[in-house]
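Text of the file structure.txt, holding compact mmCIF, C-alpha atoms:
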# COMPACT_ATOMS: atom_id res chain seq x y z
CA MET A 16 18.21 -24.54 -43.56
CA LEU A 17 16.45 -21.29 -42.79
CA PRO A 18 18.94 -18.42 -42.42
CA GLN A 19 17.81 -17.36 -38.96
CA TYR A 20 18.69 -20.82 -37.60
CA GLN A 21 22.04 -21.41 -39.32
CA THR A 22 24.15 -20.29 -36.37
CA SER A 23 22.43 -22.71 -33.98
CA ARG A 24 22.52 -25.79 -36.23
CA ARG A 25 24.93 -27.69 -33.96
CA ASP A 26 22.85 -26.93 -30.87
CA LEU A 27 19.71 -28.07 -32.61
CA LEU A 28 21.35 -31.32 -33.65
CA LYS A 29 22.45 -31.95 -30.08
CA SER A 30 19.09 -31.23 -28.52
CA THR A 31 16.83 -32.97 -31.04
CA SER A 32 16.50 -36.68 -31.57
CA ALA A 33 18.61 -37.77 -34.53
CA GLY A 34 15.61 -39.55 -35.98
CA PHE A 35 13.77 -36.31 -36.59
CA GLY A 36 16.36 -35.06 -39.07
CA MET A 37 17.09 -31.49 -40.03
CA LEU A 38 14.82 -31.53 -43.05
CA ALA A 39 11.86 -32.36 -40.84
CA LEU A 40 12.93 -29.63 -38.44
CA ALA A 41 13.11 -27.07 -41.23
CA ALA A 42 9.68 -28.07 -42.46
CA MET A 43 8.34 -27.66 -38.96
CA LEU A 44 9.82 -24.21 -38.60
CA LYS A 45 8.03 -23.08 -41.74
CA SER A 46 4.73 -24.41 -40.54
CA ASP A 47 2.07 -22.24 -39.01
CA ARG A 48 0.79 -25.18 -36.99
CA ALA A 49 3.17 -24.55 -34.09
CA LYS A 50 1.88 -21.00 -33.80
CA ALA A 51 -1.64 -22.34 -33.86
CA ALA A 52 -0.76 -24.70 -31.02
CA THR A 53 0.61 -21.82 -28.96
CA GLU A 54 -2.47 -19.70 -29.53
CA SER A 55 -4.76 -22.62 -28.77
CA ALA A 56 -2.84 -23.26 -25.56
CA LYS A 57 -3.55 -19.76 -24.34
CA SER A 58 -7.18 -19.46 -25.38
CA SER A 59 -9.06 -21.71 -22.94
CA LEU A 60 -7.15 -20.39 -19.92
CA GLN A 61 -7.84 -16.74 -20.77
CA PRO A 62 -10.04 -14.88 -18.26
CA LYS A 63 -13.70 -15.55 -19.00
CA PHE A 64 -16.90 -13.71 -18.28
CA ALA A 65 -18.70 -14.93 -15.19
CA HIS A 66 -22.43 -15.63 -15.26
CA PHE A 67 -23.01 -12.56 -13.08
CA PRO A 68 -20.83 -9.97 -11.33
CA PRO A 69 -18.49 -11.84 -8.97
CA ARG A 70 -18.13 -10.91 -5.33
CA ALA A 71 -14.68 -12.55 -5.10
CA LYS A 72 -11.87 -12.90 -7.63
CA ARG A 73 -10.05 -15.82 -6.08
CA ILE A 74 -10.18 -18.35 -3.24
CA ILE A 75 -7.65 -19.62 -0.72
CA PHE A 76 -8.84 -22.89 0.83
CA VAL A 77 -7.13 -23.64 4.14
CA PHE A 78 -7.82 -27.35 4.57
CA MET A 79 -7.48 -29.01 7.97
CA GLN A 80 -7.41 -32.67 6.92
CA GLY A 81 -8.61 -35.17 9.50
CA ALA A 82 -11.46 -33.21 11.14
CA VAL A 83 -10.94 -30.48 13.74
CA SER A 84 -12.78 -31.04 17.02
CA GLN A 85 -15.10 -28.02 16.95
CA VAL A 86 -16.23 -28.33 20.57
CA ASP A 87 -12.60 -27.87 21.66
CA THR A 88 -11.80 -24.97 19.32
CA PHE A 89 -14.61 -22.90 17.78
CA GLU A 90 -17.85 -23.90 19.46
CA TYR A 91 -18.49 -23.32 23.14
CA LYS A 92 -21.36 -25.49 24.36
CA PRO A 93 -22.31 -24.61 27.99
CA GLN A 94 -24.68 -27.57 28.24
CA LEU A 95 -21.93 -29.94 27.20
CA GLN A 96 -19.70 -28.57 29.93
CA LYS A 97 -22.53 -28.83 32.46
CA ASP A 98 -23.42 -32.42 31.49
CA HIS A 99 -19.86 -33.71 31.35
CA GLY A 100 -19.82 -37.42 32.18
CA LYS A 101 -23.52 -37.99 31.44
CA THR A 102 -24.88 -40.11 28.62
CA GLY A 103 -25.48 -38.14 25.44
CA PRO A 104 -28.79 -38.02 23.55
CA GLU A 105 -27.47 -40.54 21.01
CA GLY A 106 -25.48 -42.64 23.48
CA GLY A 107 -21.89 -42.36 24.59
CA LYS A 108 -20.40 -40.36 27.45
CA LEU A 109 -20.48 -36.60 27.01
CA VAL A 110 -17.07 -35.00 27.46
CA GLY A 111 -16.74 -31.27 27.96
CA SER A 112 -13.70 -29.50 26.63
CA ARG A 113 -10.66 -29.16 28.89
CA PHE A 114 -9.77 -25.91 27.22
CA ARG A 115 -10.93 -22.49 28.40
CA PHE A 116 -13.19 -20.50 26.08
CA ARG A 117 -13.76 -16.76 25.91
CA GLN A 118 -15.54 -14.32 23.64
CA TYR A 119 -13.74 -12.03 21.19
CA GLY A 120 -14.54 -8.92 19.21
CA GLU A 121 -17.71 -6.91 18.98
CA THR A 122 -19.51 -10.03 17.78
CA GLY A 123 -18.61 -11.96 20.94
CA SER A 124 -17.51 -15.04 19.00
CA TRP A 125 -16.27 -17.92 21.15
CA PHE A 126 -12.76 -19.33 20.71
CA SER A 127 -10.81 -21.67 22.93
CA GLU A 128 -7.44 -20.79 24.38
CA LEU A 129 -5.85 -22.89 21.61
CA LEU A 130 -6.44 -20.21 18.97
CA PRO A 131 -5.60 -16.79 20.43
CA ASN A 132 -4.31 -15.33 17.16
CA LEU A 133 -7.20 -16.42 14.98
CA ALA A 134 -9.56 -15.12 17.64
CA THR A 135 -8.36 -11.56 16.99
CA HIS A 136 -10.03 -11.81 13.56
CA ALA A 137 -13.42 -12.74 15.03
CA ASP A 138 -15.20 -9.75 13.52
CA LYS A 139 -13.99 -10.59 10.00
CA MET A 140 -15.35 -14.12 10.01
CA CYS A 141 -18.53 -15.43 8.44
CA TRP A 142 -19.33 -18.70 10.22
CA LEU A 143 -21.14 -21.62 8.62
CA ARG A 144 -22.17 -23.61 11.70
CA GLY A 145 -24.79 -25.95 10.26
CA LEU A 146 -22.71 -27.99 7.83
CA HIS A 147 -23.34 -31.68 7.24
CA THR A 148 -22.11 -34.29 4.78
CA ASP A 149 -22.85 -37.87 3.72
CA THR A 150 -20.12 -40.23 4.86
CA PRO A 151 -18.03 -40.58 8.05
CA ALA A 152 -15.10 -42.21 6.24
CA HIS A 153 -12.16 -39.88 5.59
CA PRO A 154 -11.34 -40.98 2.03
CA GLN A 155 -14.89 -40.51 0.78
CA ALA A 156 -15.57 -37.34 2.78
CA VAL A 157 -12.35 -35.66 1.64
CA VAL A 158 -13.13 -36.51 -1.98
CA GLN A 159 -16.69 -35.24 -1.57
CA LEU A 160 -15.47 -31.95 -0.12
CA HIS A 161 -13.13 -31.50 -3.08
CA THR A 162 -15.22 -32.91 -5.94
CA GLY A 163 -18.83 -32.93 -4.76
CA ALA A 164 -19.19 -36.71 -5.00
CA ALA A 165 -18.32 -39.19 -2.25
CA ASN A 166 -19.08 -42.57 -3.73
CA ALA A 167 -19.42 -41.89 -7.43
CA THR A 168 -18.31 -44.67 -9.76
CA LEU A 169 -17.04 -41.94 -12.06
CA THR A 170 -14.24 -39.71 -10.79
CA ARG A 171 -15.36 -36.06 -10.80
CA PRO A 172 -13.40 -32.86 -11.39
CA SER A 173 -12.18 -31.00 -8.32
CA MET A 174 -13.66 -27.74 -7.09
CA GLY A 175 -10.61 -25.77 -8.21
CA ALA A 176 -10.74 -27.35 -11.68
CA TRP A 177 -14.39 -26.33 -12.08
CA MET A 178 -13.56 -22.74 -11.12
CA LEU A 179 -10.67 -22.61 -13.56
CA TYR A 180 -12.90 -24.08 -16.27
CA GLY A 181 -15.56 -21.47 -15.58
CA LEU A 182 -13.37 -18.40 -15.11
CA GLY A 183 -9.98 -18.99 -16.71
CA THR A 184 -6.90 -17.49 -15.09
CA GLU A 185 -5.77 -13.92 -14.48
CA ASN A 186 -2.06 -14.58 -15.09
CA GLN A 187 -1.15 -16.44 -18.28
CA ASP A 188 2.35 -17.21 -16.99
CA LEU A 189 1.06 -19.09 -13.95
CA PRO A 190 -1.28 -22.00 -13.34
CA GLY A 191 -4.74 -20.87 -12.36
CA TYR A 192 -5.04 -23.55 -9.70
CA VAL A 193 -2.28 -24.52 -7.26
CA THR A 194 -2.42 -27.06 -4.44
CA ILE A 195 0.32 -27.03 -1.81
CA ASN A 196 1.10 -30.24 0.09
CA PRO A 197 -2.17 -32.01 -0.76
CA PRO A 198 -2.94 -35.17 1.22
CA PRO A 199 -1.11 -38.13 -0.35
CA ASN A 200 -3.92 -40.46 0.72
CA PHE A 201 -7.69 -39.93 1.13
CA GLY A 202 -8.20 -39.70 -2.62
CA GLY A 203 -4.76 -38.39 -3.53
CA ALA A 204 -4.65 -36.66 -6.91
CA VAL A 205 -8.42 -36.97 -7.31
CA ASN A 206 -8.74 -34.03 -4.90
CA PHE A 207 -7.00 -31.65 -7.30
CA GLY A 208 -7.58 -33.44 -10.60
CA SER A 209 -9.65 -32.45 -13.61
CA ALA A 210 -11.21 -35.90 -14.28
CA PHE A 211 -13.14 -35.59 -17.55
CA LEU A 212 -12.55 -31.83 -17.88
CA PRO A 213 -9.59 -30.98 -20.15
CA ALA A 214 -6.31 -31.79 -18.40
CA HIS A 215 -5.09 -28.19 -18.26
CA PHE A 216 -7.75 -27.39 -15.63
CA GLN A 217 -6.25 -29.68 -12.99
CA GLY A 218 -4.30 -28.27 -10.05
CA SER A 219 -0.53 -27.81 -10.16
CA ARG A 220 0.96 -29.58 -7.15
CA ILE A 221 3.87 -28.06 -5.24
CA ASN A 222 5.39 -28.79 -1.85
CA ASP A 223 5.95 -26.47 1.09
CA GLN A 224 9.43 -25.65 -0.19
CA GLY A 225 7.96 -24.31 -3.42
CA TYR A 226 9.23 -27.24 -5.48
CA LEU A 227 7.31 -27.92 -8.68
CA PRO A 228 8.48 -31.14 -10.40
CA ASN A 229 9.99 -31.10 -13.90
CA LEU A 230 9.93 -27.32 -14.25
CA LYS A 231 13.63 -26.47 -14.41
CA ALA A 232 14.88 -25.81 -17.94
CA ARG A 233 17.69 -28.08 -19.09
CA THR A 234 18.76 -26.16 -22.18
CA ASP A 235 18.91 -22.67 -23.64
CA SER A 236 15.46 -21.05 -23.79
CA GLY A 237 15.71 -20.35 -27.52
CA ILE A 238 16.58 -23.94 -28.32
CA GLN A 239 13.92 -25.15 -25.93
CA ARG A 240 11.33 -22.95 -27.66
CA ARG A 241 12.21 -24.49 -31.01
CA GLN A 242 12.05 -28.00 -29.59
CA LEU A 243 8.67 -27.23 -28.12
CA ASP A 244 7.39 -25.77 -31.40
CA PHE A 245 8.37 -28.98 -33.15
CA ILE A 246 6.61 -31.14 -30.56
CA GLN A 247 3.56 -28.90 -30.57
CA ASN A 248 3.37 -29.09 -34.35
CA MET A 249 3.15 -32.87 -34.13
CA ASN A 250 0.67 -32.65 -31.27
CA GLN A 251 -1.49 -30.24 -33.24
CA ARG A 252 -1.50 -32.51 -36.27
CA PHE A 253 -2.45 -35.44 -34.08
CA ALA A 254 -5.20 -33.39 -32.39
CA SER A 255 -6.75 -32.61 -35.78
CA LEU A 256 -7.25 -36.28 -36.63
CA PRO A 257 -10.68 -37.88 -36.14
CA GLY A 258 -11.01 -39.81 -32.90
CA THR A 259 -8.04 -38.17 -31.18
CA PRO A 260 -8.48 -38.21 -27.37
CA ALA A 261 -9.39 -34.87 -25.83
CA ASP A 262 -6.38 -35.25 -23.52
CA VAL A 263 -4.09 -34.24 -26.40
CA GLU A 264 -5.35 -30.67 -26.16
CA GLY A 265 -4.49 -30.73 -22.45
CA VAL A 266 -0.96 -31.88 -23.28
CA ILE A 267 -0.56 -29.02 -25.76
CA GLN A 268 -1.73 -26.50 -23.20
CA SER A 269 0.35 -27.92 -20.35
CA TYR A 270 3.55 -27.77 -22.43
CA GLU A 271 2.95 -24.13 -23.25
CA LEU A 272 2.07 -23.19 -19.69
CA ALA A 273 5.12 -25.02 -18.34
CA PHE A 274 7.36 -23.11 -20.76
CA ARG A 275 5.95 -19.78 -19.58
CA MET A 276 6.09 -20.84 -15.92
CA GLN A 277 9.84 -21.46 -16.01
CA GLY A 278 10.56 -17.77 -15.91
CA LYS A 279 8.00 -16.85 -13.25
CA VAL A 280 7.25 -19.63 -10.80
CA PRO A 281 10.66 -20.29 -9.19
CA GLU A 282 11.02 -16.64 -8.27
CA LEU A 283 7.42 -16.40 -7.09
CA LEU A 284 7.71 -19.43 -4.80
CA ASP A 285 11.04 -18.37 -3.32
CA ILE A 286 9.89 -16.67 -0.13
CA SER A 287 13.44 -15.78 0.97
CA ASP A 288 13.00 -12.28 -0.45
CA GLU A 289 10.14 -11.54 1.95
CA PRO A 290 11.00 -8.99 4.66
CA GLN A 291 12.06 -10.67 7.88
CA GLN A 292 9.19 -9.06 9.80
CA VAL A 293 6.73 -10.71 7.41
CA LEU A 294 8.34 -14.13 7.82
CA ASP A 295 8.34 -13.66 11.58
CA ALA A 296 4.68 -12.66 11.56
CA TYR A 297 3.77 -15.91 9.81
CA GLY A 298 6.08 -17.94 12.06
CA VAL A 299 8.30 -19.18 9.24
CA ARG A 300 11.19 -21.33 10.46
CA PRO A 301 13.29 -24.12 8.99
CA GLY A 302 12.17 -27.71 8.72
CA PRO A 303 8.81 -29.41 9.18
CA ALA A 304 7.80 -27.09 12.01
CA GLY A 305 7.63 -24.20 9.55
CA SER A 306 5.82 -26.09 6.80
CA PHE A 307 2.37 -24.61 7.24
CA ALA A 308 3.73 -21.08 7.67
CA ARG A 309 5.61 -21.39 4.37
CA GLN A 310 2.42 -22.60 2.71
CA CYS A 311 0.56 -19.54 3.94
CA VAL A 312 3.20 -17.14 2.63
CA MET A 313 3.21 -18.88 -0.75
CA ALA A 314 -0.60 -18.79 -0.85
CA ARG A 315 -0.55 -15.03 -0.41
CA ARG A 316 2.14 -14.61 -3.08
CA LEU A 317 0.29 -16.83 -5.54
CA SER A 318 -3.00 -15.07 -4.94
CA GLU A 319 -1.37 -11.67 -5.27
CA ALA A 320 0.06 -12.80 -8.62
CA GLY A 321 -3.39 -13.76 -9.92
CA VAL A 322 -3.76 -17.49 -9.22
CA ARG A 323 -7.49 -18.19 -9.15
CA PHE A 324 -7.63 -21.02 -6.60
CA VAL A 325 -4.99 -21.96 -4.01
CA GLU A 326 -5.33 -24.75 -1.49
CA ILE A 327 -3.03 -25.33 1.45
CA CYS A 328 -3.22 -28.32 3.75
CA GLN A 329 -2.38 -29.22 7.33
CA PRO A 330 -2.94 -32.91 8.08
CA GLY A 331 -2.98 -34.62 11.45
CA TRP A 332 -6.38 -33.68 12.92
CA ASP A 333 -7.78 -37.22 13.21
CA HIS A 334 -7.82 -37.40 16.99
CA HIS A 335 -9.44 -40.69 17.93
CA ASN A 336 -6.87 -40.69 20.73
CA ASN A 337 -4.32 -38.30 22.19
CA LEU A 338 -6.92 -35.59 21.61
CA HIS A 339 -5.73 -32.92 23.98
CA LYS A 340 -2.00 -33.01 23.33
CA GLY A 341 -2.73 -33.48 19.65
CA LEU A 342 -4.95 -30.41 19.52
CA ILE A 343 -2.35 -28.29 21.28
CA ASP A 344 0.23 -29.32 18.69
CA ARG A 345 -2.02 -28.87 15.63
CA CYS A 346 -3.46 -25.55 16.76
CA GLN A 347 -0.01 -24.17 17.47
CA SER A 348 1.04 -25.16 13.96
CA VAL A 349 -1.77 -23.20 12.23
CA ASP A 350 -3.01 -20.46 14.57
CA GLN A 351 -0.30 -17.83 14.06
CA SER A 352 0.15 -18.50 10.35
CA THR A 353 -3.53 -18.43 9.42
CA ALA A 354 -4.06 -15.26 11.42
CA ALA A 355 -1.01 -13.70 9.72
CA LEU A 356 -2.40 -14.65 6.32
CA LEU A 357 -5.64 -12.80 7.04
CA THR A 358 -3.73 -9.78 8.35
CA ASP A 359 -1.35 -9.74 5.39
CA LEU A 360 -4.15 -10.02 2.83
CA GLU A 361 -6.00 -7.19 4.53
CA GLN A 362 -2.97 -4.89 4.75
CA ARG A 363 -2.23 -5.40 1.05
CA GLY A 364 -5.82 -4.70 0.03
CA LEU A 365 -6.26 -8.29 -1.15
CA LEU A 366 -8.85 -9.46 1.37
CA ASP A 367 -11.52 -7.37 -0.37
CA GLU A 368 -11.18 -9.53 -3.48
CA THR A 369 -9.93 -12.83 -1.99
CA LEU A 370 -12.18 -15.30 -0.20
CA VAL A 371 -10.56 -17.47 2.48
CA LEU A 372 -12.24 -20.76 3.43
CA PHE A 373 -11.06 -22.62 6.55
CA GLY A 374 -12.31 -26.06 7.54
CA SER A 375 -12.25 -29.86 7.52
CA GLU A 376 -14.07 -32.67 5.75
CA PHE A 377 -16.34 -33.07 8.82
CA GLY A 378 -16.27 -32.48 12.59
CA ARG A 379 -16.01 -34.56 15.76
CA GLN A 380 -18.44 -35.82 18.39
CA PRO A 381 -19.00 -34.30 21.85
CA THR A 382 -18.82 -37.81 23.31
CA SER A 383 -15.71 -39.72 24.28
CA GLN A 384 -13.93 -42.34 22.26
CA GLY A 385 -11.59 -44.35 24.39
CA GLU A 386 -9.63 -42.58 27.10
CA ASP A 387 -8.82 -39.38 25.21
CA GLY A 388 -10.45 -39.11 21.79
CA ARG A 389 -13.51 -38.12 19.80
CA ASP A 390 -15.09 -39.93 16.85
CA HIS A 391 -16.26 -38.48 13.54
CA ASN A 392 -19.32 -36.23 13.27
CA ILE A 393 -20.94 -35.67 9.87
CA THR A 394 -24.27 -34.27 11.10
CA GLY A 395 -23.17 -30.86 12.37
CA TYR A 396 -19.87 -28.99 12.18
CA PRO A 397 -18.50 -25.52 11.27
CA MET A 398 -16.27 -23.80 8.74
CA PHE A 399 -15.52 -20.12 8.44
CA LEU A 400 -15.18 -17.76 5.50
CA ALA A 401 -13.40 -14.43 5.54
CA GLY A 402 -12.85 -11.75 2.95
CA ALA A 403 -14.51 -10.98 -0.34
CA GLY A 404 -18.24 -11.24 -0.73
CA VAL A 405 -19.35 -12.44 2.72
CA LYS A 406 -20.75 -10.71 5.76
CA LYS A 407 -18.28 -9.91 8.52
CA GLY A 408 -18.92 -11.11 12.04
CA PHE A 409 -21.86 -13.18 10.87
CA VAL A 410 -23.13 -16.61 11.87
CA TYR A 411 -25.24 -18.79 9.61
CA GLY A 412 -26.71 -21.94 11.08
CA GLY A 413 -26.04 -23.78 14.29
CA THR A 414 -25.99 -27.14 16.04
CA ASP A 415 -27.91 -28.48 19.03
CA GLU A 416 -26.91 -27.84 22.64
CA TYR A 417 -24.22 -30.53 22.54
CA GLY A 418 -22.92 -29.90 19.02
CA VAL A 419 -24.17 -33.18 17.55
CA ARG A 420 -26.57 -32.12 14.79
CA ALA A 421 -27.16 -29.07 12.65
CA VAL A 422 -30.59 -27.79 13.66
CA GLU A 423 -30.74 -24.47 11.82
CA GLY A 424 -29.19 -23.04 8.70
CA ARG A 425 -28.37 -26.55 7.53
CA MET A 426 -25.83 -26.58 4.73
CA HIS A 427 -24.82 -29.69 2.81
CA THR A 428 -21.49 -29.96 0.98
CA ASN A 429 -23.41 -29.40 -2.29
CA ASP A 430 -24.78 -26.15 -0.83
CA LEU A 431 -21.28 -25.07 0.16
CA HIS A 432 -20.04 -25.62 -3.39
CA ALA A 433 -23.01 -23.83 -4.93
CA THR A 434 -22.44 -20.87 -2.62
CA LEU A 435 -18.69 -20.67 -3.30
CA LEU A 436 -19.31 -20.75 -7.05
CA ALA A 437 -21.92 -18.00 -6.69
CA LEU A 438 -19.47 -15.82 -4.78
CA MET A 439 -17.11 -16.22 -7.74
CA GLY A 440 -19.86 -15.20 -10.16
CA LEU A 441 -20.78 -18.68 -11.37
CA ASP A 442 -24.23 -20.27 -11.47
CA HIS A 443 -23.69 -23.85 -10.35
CA GLU A 444 -26.60 -25.03 -12.51
CA GLN A 445 -25.12 -23.44 -15.63
CA LEU A 446 -21.50 -24.47 -15.04
CA THR A 447 -21.78 -27.83 -16.78
CA TYR A 448 -19.68 -30.09 -18.97
CA PRO A 449 -20.97 -32.78 -21.33
CA TYR A 450 -19.52 -36.22 -20.76
CA ALA A 451 -20.70 -39.82 -21.21
CA GLY A 452 -24.05 -38.73 -22.60
CA ARG A 453 -25.06 -36.29 -19.85
CA GLU A 454 -24.26 -32.87 -18.43
CA PHE A 455 -22.15 -32.90 -15.27
CA ARG A 456 -21.65 -30.17 -12.70
CA LEU A 457 -19.83 -29.75 -9.38
CA THR A 458 -23.09 -29.93 -7.40
CA ASP A 459 -24.46 -32.88 -9.43
CA VAL A 460 -28.28 -32.58 -9.14
CA ALA A 461 -28.39 -30.72 -5.82
CA GLY A 462 -27.01 -27.57 -4.21
CA GLU A 463 -28.68 -24.41 -2.91
CA VAL A 464 -26.94 -21.04 -2.78
CA LYS A 465 -27.07 -19.61 0.74
CA ARG A 466 -27.37 -15.93 -0.14
CA GLU A 467 -27.97 -15.01 3.48
CA ILE A 468 -24.21 -14.91 4.00
CA PHE A 469 -23.53 -12.49 1.11
CA ALA A 470 -22.32 -9.04 2.05
Is it possible to give me this structure as structure tokens?
Amino acid sequence: MLPQYQTSRRDLLKSTSAGFGMLALAAMLKSDRAKAATESAKSSLQPKFAHFPPRAKRIIFVFMQGAVSQVDTFEYKPQLQKDHGKTGPEGGKLVGSRFRFRQYGETGSWFSELLPNLATHADKMCWLRGLHTDTPAHPQAVVQLHTGAANATLTRPSMGAWMLYGLGTENQDLPGYVTINPPPNFGGAVNFGSAFLPAHFQGSRINDQGYLPNLKARTDSGIQRRQLDFIQNMNQRFASLPGTPADVEGVIQSYELAFRMQGKVPELLDISDEPQQVLDAYGVRPGPAGSFARQCVMARRLSEAGVRFVEICQPGWDHHNNLHKGLIDRCQSVDQSTAALLTDLEQRGLLDETLVLFGSEFGRQPTSQGEDGRDHNITGYPMFLAGAGVKKGFVYGGTDEYGVRAVEGRMHTNDLHATLLALMGLDHEQLTYPYAGREFRLTDVAGEVKREIFA
């Protein structure tokens, strides 16, 4: 037995499977392979050089799952209001919004009465109003928004995984990609997975209470480190064998990252140490009603700590019925918190290096569905960006007089991804990964960077 481990022999015996034996443990401790595993685990997540100078260091994606009705929130269409009750150009009865709109800021951006807090940030926003996508089905559209491919037979890596692969992470004690309360359906883990990229590039999933599964240490950190070294030694030997699956390297890296995270993540995700005025500004309160506000606070804390890509999610926007009461409820749940996030980032000097993206997988029609609903619209809908790298108070693209189709500044989901990567300093045509005999990328064989929106 090596002298430095004599005093902990009993603890080691208790915490290690009897089948390993102490002789094997001693041999492991002498080996340099465990150190090699540790160094390997850090290397591919180290910060990497971008293809060109980045305009943003990190992204917070505020995802409104289910499709926000843009003609009731962000897009005032006078002709729609005037022609309420008439037949629309593509059939169906046109239905004007019941909610009052007014203009805000020096830019005169229109917002409905549902979003008074977000409206105060009108002059910070860069609007993409000519978006369109390929499929009106939620599962496929959500997956396309997150991975670039709607109906691919091969599961693709998520947007956050591609960014982590291309740029690494700023904080080696934290995951570079965190998703908070991702949708359990509509693609599930595919939306934050790494697919054929190494496993350590996938998103780390937490809930709105800051709970990360299987993170809490169950033994003394010194003993745990020695256990991990032993396991990593075996993993490293296995990884060196011909034909070993690439996933083994991801396991090695995930073990090391999890060990480092134990000392940092619980404290980081515990928002109870935030000043009360900050919690009040976000609208944090107990229970489900405060879920989205807690997500926003955690997103700011994670971004401030160097996490490269954070996604937060608010479901419940699929208003085929109960549109008006449903919109009041959903908008109240996100308006104050999202506005507070933008304010907080700006006051801390983080908005100049953090890009915030707000939007849904598609939009909704200006025509009625049933008594009080709107159907899906994939041909023209908006998202907004705010923060690093984009023009303030700027509008790119637009839809027709009723909000049905994008007629100018058209921007496909592939274009959105190409543009986001470019803002992070990555050329979407160069960010590739070889798999199954071909080079893959987030934008597949399409995508055009819309440089008109760059600051």
Report, in Å with one decimal, the straight-line distance from CA of Gly106 in chain A to CA of Val419 in chain A. 11.2 Å
Please report, as a Markdown table, each residue of range 276-355 of chain A lying at most 8 Å from range 171-193 of chain A, together with the nearest pair of atoms and the separation in Å rounded to one decimal; use all atoms listed in the file, and order rows by chain and ascending residue number.
| residue | atom | partner | partner_atom | distance |
| --- | --- | --- | --- | --- |
| A:Met276 | CA | A:Asp188 | CA | 5.3 |
| A:Lys279 | CA | A:Asp188 | CA | 6.8 |
| A:Val280 | CA | A:Leu189 | CA | 7.0 |
| A:Ala320 | CA | A:Asn186 | CA | 7.0 |
| A:Gly321 | CA | A:Glu185 | CA | 5.1 |
| A:Val322 | CA | A:Gly191 | CA | 4.7 |
| A:Arg323 | CA | A:Gly191 | CA | 5.0 |
| A:Phe324 | CA | A:Tyr192 | CA | 4.8 |
| A:Val325 | CA | A:Val193 | CA | 4.9 |
| A:Glu326 | CA | A:Val193 | CA | 6.5 |
Radius query 9 Å about (-21.9, -23.4, -8.0), atoms used: all atoms listed in the file, as a PyMOL selection string: chain A and resi 178+429-446+456-458+462-464
Expressed in Å to a single decimal, how great is the separation between CA of Asp87 in chain A and CA of Leu400 in chain A?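 Going from CA of Asp87 in chain A over to CA of Leu400 in chain A covers 19.2 Å.
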Between CA of Gly208 in chain A and CA of Val312 in chain A, measure the distance and give it in Å to one decimal. 23.6 Å
